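To be precise, the following lines are data33.txt, and they hold compact mmCIF, C-alpha atoms.
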# COMPACT_ATOMS: atom_id res chain seq x y z
CA MET A 24 183.60 -12.96 -68.07
CA GLY A 25 183.26 -16.73 -68.50
CA ASN A 26 184.36 -18.68 -71.52
CA SER A 27 180.76 -19.43 -72.49
CA GLN A 28 179.86 -15.74 -72.50
CA ALA A 29 182.96 -14.86 -74.51
CA ASN A 30 182.13 -17.59 -77.05
CA GLN A 31 178.56 -16.33 -77.34
CA ILE A 32 179.78 -12.77 -77.96
CA LYS A 33 182.11 -14.06 -80.68
CA SER A 34 179.20 -15.97 -82.22
CA ASP A 35 177.03 -12.83 -82.25
CA ARG A 36 179.82 -10.83 -83.88
CA LEU A 37 180.31 -13.55 -86.50
CA LYS A 38 176.59 -13.50 -87.34
CA LEU A 39 176.71 -9.73 -87.79
CA ILE A 40 179.84 -9.92 -89.97
CA LEU A 41 178.30 -12.64 -92.15
CA SER A 42 175.11 -10.61 -92.53
CA VAL A 43 177.09 -7.56 -93.66
CA PHE A 44 179.15 -9.68 -96.06
CA TRP A 45 176.03 -11.27 -97.57
CA PHE A 46 174.37 -7.89 -98.04
CA VAL A 47 177.41 -6.21 -99.63
CA PHE A 48 178.22 -9.20 -101.87
CA THR A 49 174.65 -9.72 -103.10
CA PHE A 50 174.02 -6.02 -103.65
CA SER A 51 177.29 -5.64 -105.56
CA MET A 52 176.60 -8.67 -107.77
CA VAL A 53 173.12 -7.47 -108.68
CA CYS A 54 174.41 -3.97 -109.44
CA TRP A 55 177.11 -5.46 -111.65
CA TRP A 56 174.55 -7.64 -113.48
CA TRP A 57 172.25 -4.67 -113.97
CA ILE A 58 174.91 -2.35 -115.36
CA PHE A 59 176.40 -5.11 -117.53
CA SER A 60 173.00 -5.97 -118.99
CA LEU A 61 172.23 -2.33 -119.83
CA ARG A 62 175.62 -1.88 -121.51
CA GLN A 63 175.18 -5.09 -123.50
CA LEU A 64 171.78 -3.89 -124.62
CA ASP A 65 173.20 -0.51 -125.68
CA SER A 66 175.91 -2.26 -127.70
CA LEU A 67 173.21 -4.19 -129.60
CA ALA A 68 170.90 -1.23 -130.07
CA SER A 69 171.95 -0.67 -133.70
CA ALA A 70 171.19 -4.29 -134.61
CA MET A 71 167.56 -4.37 -133.40
CA PRO A 72 164.38 -2.38 -134.02
CA LYS A 73 163.87 0.68 -131.86
CA GLU A 74 160.59 -0.65 -130.44
CA LYS A 75 162.29 -3.87 -129.26
CA TYR A 76 165.22 -1.93 -127.84
CA ASP A 77 162.92 0.37 -125.87
CA SER A 78 160.94 -2.60 -124.56
CA LEU A 79 164.05 -4.47 -123.41
CA HIS A 80 165.55 -1.29 -121.96
CA TRP A 81 162.48 -0.56 -119.83
CA MET A 82 162.22 -4.21 -118.79
CA LEU A 83 165.82 -4.24 -117.54
CA LEU A 84 165.37 -0.91 -115.78
CA TRP A 85 162.26 -2.06 -113.95
CA GLU A 86 163.54 -5.55 -113.09
CA GLY A 87 166.90 -4.25 -111.91
CA SER A 88 165.45 -1.42 -109.84
CA ILE A 89 162.87 -3.70 -108.19
CA LEU A 90 165.45 -6.40 -107.45
CA LEU A 91 167.89 -3.87 -105.99
CA THR A 92 165.12 -2.38 -103.87
CA PHE A 93 164.17 -5.78 -102.43
CA ILE A 94 167.80 -6.63 -101.72
CA LEU A 95 168.36 -3.25 -100.08
CA VAL A 96 165.27 -3.55 -97.89
CA GLY A 97 165.90 -7.21 -97.08
CA GLY A 98 169.59 -6.67 -96.31
CA ALA A 99 168.88 -3.68 -94.11
CA SER A 100 166.18 -5.64 -92.26
CA LEU A 101 168.57 -8.56 -91.76
CA LEU A 102 171.24 -6.26 -90.33
CA VAL A 103 168.74 -4.58 -88.00
CA LEU A 104 167.33 -7.90 -86.77
CA THR A 105 170.83 -9.33 -86.25
CA SER A 106 171.87 -6.25 -84.31
CA ARG A 107 168.72 -6.42 -82.17
CA GLU A 108 169.26 -10.11 -81.45
CA ARG A 109 172.83 -9.40 -80.40
CA SER A 110 171.69 -6.59 -78.10
CA ARG A 111 168.91 -8.78 -76.68
CA ASN A 112 171.30 -11.65 -75.98
CA THR A 113 173.68 -9.26 -74.25
CA ARG A 114 170.89 -7.94 -72.00
CA LEU A 115 169.69 -11.46 -71.21
CA ARG A 116 173.19 -12.60 -70.27
CA LEU A 117 173.65 -9.54 -68.05
CA PHE A 118 170.27 -10.06 -66.37
CA PHE A 119 170.89 -13.78 -65.86
CA SER A 120 174.32 -13.12 -64.38
CA ASN A 121 173.11 -10.39 -61.99
CA PHE A 122 169.98 -12.31 -61.00
CA SER A 123 171.82 -15.55 -60.27
CA HIS A 124 174.52 -13.69 -58.31
CA ASP A 125 172.01 -11.79 -56.16
CA LEU A 126 169.91 -14.90 -55.55
CA LYS A 127 172.89 -17.05 -54.63
CA THR A 128 174.18 -14.30 -52.31
CA SER A 129 170.82 -14.03 -50.53
CA LEU A 130 170.53 -17.80 -50.09
CA SER A 131 174.10 -18.02 -48.81
CA ARG A 132 173.37 -15.32 -46.23
CA LEU A 133 170.22 -17.17 -45.16
CA ARG A 134 172.12 -20.43 -44.78
CA ILE A 135 174.94 -18.79 -42.78
CA ARG A 136 172.50 -17.08 -40.40
CA THR A 137 170.63 -20.34 -39.93
CA GLU A 138 173.90 -22.12 -39.15
CA VAL A 139 174.70 -19.47 -36.51
CA LEU A 140 171.29 -19.93 -34.89
CA ALA A 141 171.66 -23.71 -35.00
CA LEU A 142 174.88 -23.50 -32.94
CA SER A 143 173.00 -22.03 -29.99
CA ASN A 144 169.69 -23.80 -30.51
CA THR A 145 169.21 -27.56 -30.95
CA SER A 146 165.60 -27.30 -32.05
CA PRO A 147 164.69 -29.98 -34.63
CA ASP A 148 162.72 -27.42 -36.63
CA LEU A 149 165.73 -25.13 -36.84
CA GLN A 150 167.95 -28.03 -37.92
CA GLU A 151 165.42 -28.95 -40.59
CA LEU A 152 165.38 -25.32 -41.74
CA LEU A 153 169.18 -25.41 -41.99
CA ASN A 154 169.03 -28.59 -44.07
CA GLU A 155 166.43 -27.13 -46.39
CA ALA A 156 168.40 -23.87 -46.82
CA SER A 157 171.56 -25.81 -47.67
CA ARG A 158 169.70 -28.06 -50.07
CA LEU A 159 168.01 -25.09 -51.74
CA ASP A 160 171.39 -23.45 -52.22
CA LEU A 161 172.73 -26.60 -53.87
CA GLN A 162 169.65 -26.98 -56.06
CA LEU A 163 169.94 -23.39 -57.21
CA GLU A 164 173.58 -23.86 -58.16
CA ASN A 165 172.69 -27.05 -60.01
CA SER A 166 169.77 -25.45 -61.86
CA LEU A 167 171.81 -22.42 -62.89
CA TRP A 168 174.53 -24.66 -64.27
CA VAL A 169 172.05 -26.78 -66.26
CA ALA A 170 170.18 -23.68 -67.52
CA ARG A 171 173.26 -22.53 -69.41
CA GLY A 172 172.47 -25.21 -71.98
CA GLU A 173 174.52 -25.01 -75.15
CA GLU A 174 176.64 -22.19 -73.78
CA GLN A 175 178.01 -24.50 -71.11
CA LYS A 176 181.42 -25.85 -72.05
CA LEU A 177 182.49 -29.11 -70.43
CA LEU A 178 186.02 -29.14 -69.03
CA VAL A 179 186.83 -32.84 -68.82
CA SER A 180 189.55 -33.87 -66.39
CA GLU A 181 190.60 -36.98 -64.46
CA LEU A 182 188.96 -37.19 -61.05
CA ASN A 183 188.92 -39.53 -58.08
CA LEU A 184 185.43 -40.83 -57.43
CA SER A 185 186.20 -40.81 -53.71
CA ASP A 186 186.84 -37.03 -53.84
CA VAL A 187 183.52 -36.40 -55.57
CA ILE A 188 181.64 -38.58 -53.06
CA GLY A 189 183.52 -36.92 -50.20
CA GLN A 190 182.18 -33.52 -51.22
CA LEU A 191 178.66 -34.91 -51.43
CA ARG A 192 178.93 -36.39 -47.93
CA VAL A 193 179.49 -32.87 -46.60
CA GLU A 194 176.47 -31.56 -48.51
CA TRP A 195 174.22 -34.42 -47.32
CA PRO A 196 175.18 -34.98 -43.66
CA GLU A 197 171.89 -36.70 -42.81
CA MET A 198 172.49 -39.45 -45.39
CA GLU A 199 175.07 -42.22 -45.11
CA ILE A 200 176.94 -42.55 -48.41
CA HIS A 201 179.08 -45.66 -48.74
CA LEU A 202 181.59 -46.05 -51.58
CA GLN A 203 182.57 -49.68 -52.12
CA ARG A 204 185.81 -48.87 -53.95
CA ASN A 205 187.56 -45.90 -55.52
CA ALA A 206 187.81 -45.33 -59.26
CA LYS A 207 189.38 -42.90 -61.72
CA ILE A 208 186.78 -41.09 -63.84
CA LYS A 209 187.04 -38.58 -66.67
CA ALA A 210 184.35 -35.94 -66.39
CA ASP A 211 183.63 -32.27 -65.87
CA PRO A 212 183.78 -31.70 -62.08
CA THR A 213 180.68 -29.52 -61.96
CA ALA A 214 178.71 -31.80 -64.27
CA ILE A 215 179.50 -35.01 -62.41
CA ARG A 216 178.59 -33.41 -59.06
CA SER A 217 175.32 -32.25 -60.61
CA VAL A 218 174.53 -35.81 -61.72
CA PHE A 219 175.22 -37.27 -58.27
CA ARG A 220 173.30 -34.45 -56.55
CA ASN A 221 170.22 -35.27 -58.60
CA LEU A 222 170.54 -38.97 -57.76
CA LEU A 223 170.93 -38.28 -54.05
CA GLN A 224 168.11 -35.76 -54.02
CA ASN A 225 165.72 -38.19 -55.72
CA ALA A 226 166.76 -40.96 -53.33
CA TRP A 227 166.21 -38.69 -50.32
CA LEU A 228 162.95 -37.07 -51.39
CA HIS A 229 161.19 -39.85 -53.29
CA GLY A 230 162.82 -42.97 -51.86
CA GLU A 231 163.24 -41.68 -48.28
CA ALA A 232 166.71 -43.23 -48.32
CA THR A 233 169.04 -42.86 -45.35
CA ARG A 234 171.91 -44.91 -46.83
CA ILE A 235 173.33 -44.95 -50.36
CA ASP A 236 175.77 -47.62 -51.56

Could you take the file, read its structure, and then write that structure out as structure tokens?
Amino acid sequence: MGNSQANQIKSDRLKLILSVFWFVFTFSMVCWWWIFSLRQLDSLASAMPKEKYDSLHWMLLWEGSILLTFILVGGASLLVLTSRERSRNTRLRLFFSNFSHDLKTSLSRLRIRTEVLALSNTSPDLQELLNEASRLDLQLENSLWVARGEEQKLLVSELNLSDVIGQLRVEWPEMEIHLQRNAKIKADPTAIRSVFRNLLQNAWLHGEATRID
């Protein structure tokens, strides 16, 4: 299980704990107020007319019972909705993980089989199919990484720009990528490769570039 998934599970548990705490605290405070008010009214019963005492007594009974009922219903609804959201998030994470794994596995198999066919066949169409399969695999990996959104945690480290560009040269063999000079950069390795992939893809598709400086 990745760090982002573990953090999300902790966040869901915290939401549930806070919901339970709010419900118990609020319900207890209202119960205390209700009982305290009734006892205070009973202690003053001898100092007020019976009609006024009965009126105040019924008013406190009705207000307290209605307020407790609303808190009970609202708190129970909050707990149910929080529990359902946690279960829904768990199912979504499981589906996303299984779906992305199966899709990436299928694309990797397609790319490997195309590479095997390309070794024994120099057809331009087959080579173009190999390039498209490799590019689709890279785009899928990039899209899955970006789709994680707020759950994605950046792991910043010091990198050599030449190493990052070297990996991209392998992924884009039909494009000449020229690095004028090396540099030290601080970035998340996956994130910085995603940025450069998007730049190269746009240059290749929309600019029809064959050389990048």

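Taking CA of Arg111 (chain A) and CA of Leu163 (chain A) as endpoints, the distance between them is 24.4 Å.
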
message: As an exercise, work out the distance from CA of Trp57 (chain A) to CA of Glu74 (chain A) in Å and give it to one decimal place.
response: 20.6 Å

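Closest approach to Asp65 (chain A) among A:Ile40, A:Leu191, A:Leu79, A:Ile215: A:Leu79, based on all atoms listed in the file.
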
query: Using only C-alpha atoms, which residues sit within 8 Å of region 202-207 of chain A once same-chain residues fewer than 2 positions away are excluded, as number ranges by chain?
result: A: 181-185, 188, 200, 209, 236

message: Could you check the closest approach to Thr213 (chain A) for each of A:Gln63, A:Ser166, A:Ser42, A:Ser129 and tell me which residue wins, using only C-alpha atoms?
response: A:Ser166

- prompt: Please, what distance in Å, to one decimal, runs between CA of Trp55 (chain A) and CA of Ile94 (chain A)?
  reply: 13.7 Å

task: Skip Glu138 (chain A) itself and residues of its chain fewer than 5 positions away, then list as a PyMOL selection string all residues within 12 Å of it, counting only C-alpha atoms.
output: chain A and resi 131-133+143-145+149-157

task: Measuring atom to atom with only C-alpha atoms, identify which of A:Asn225, A:Ser217, A:Ser66, A:Thr233 is nearest to Glu197 (chain A).
output: A:Thr233

- prompt: Which neighbours of Glu199 (chain A) fall inside 8 Å, counting all atoms listed in the file, when residues of the same chain fewer than 6 positions from it are skipped, and could you give them as a PyMOL selection string?
  reply: chain A and resi 192+233-235
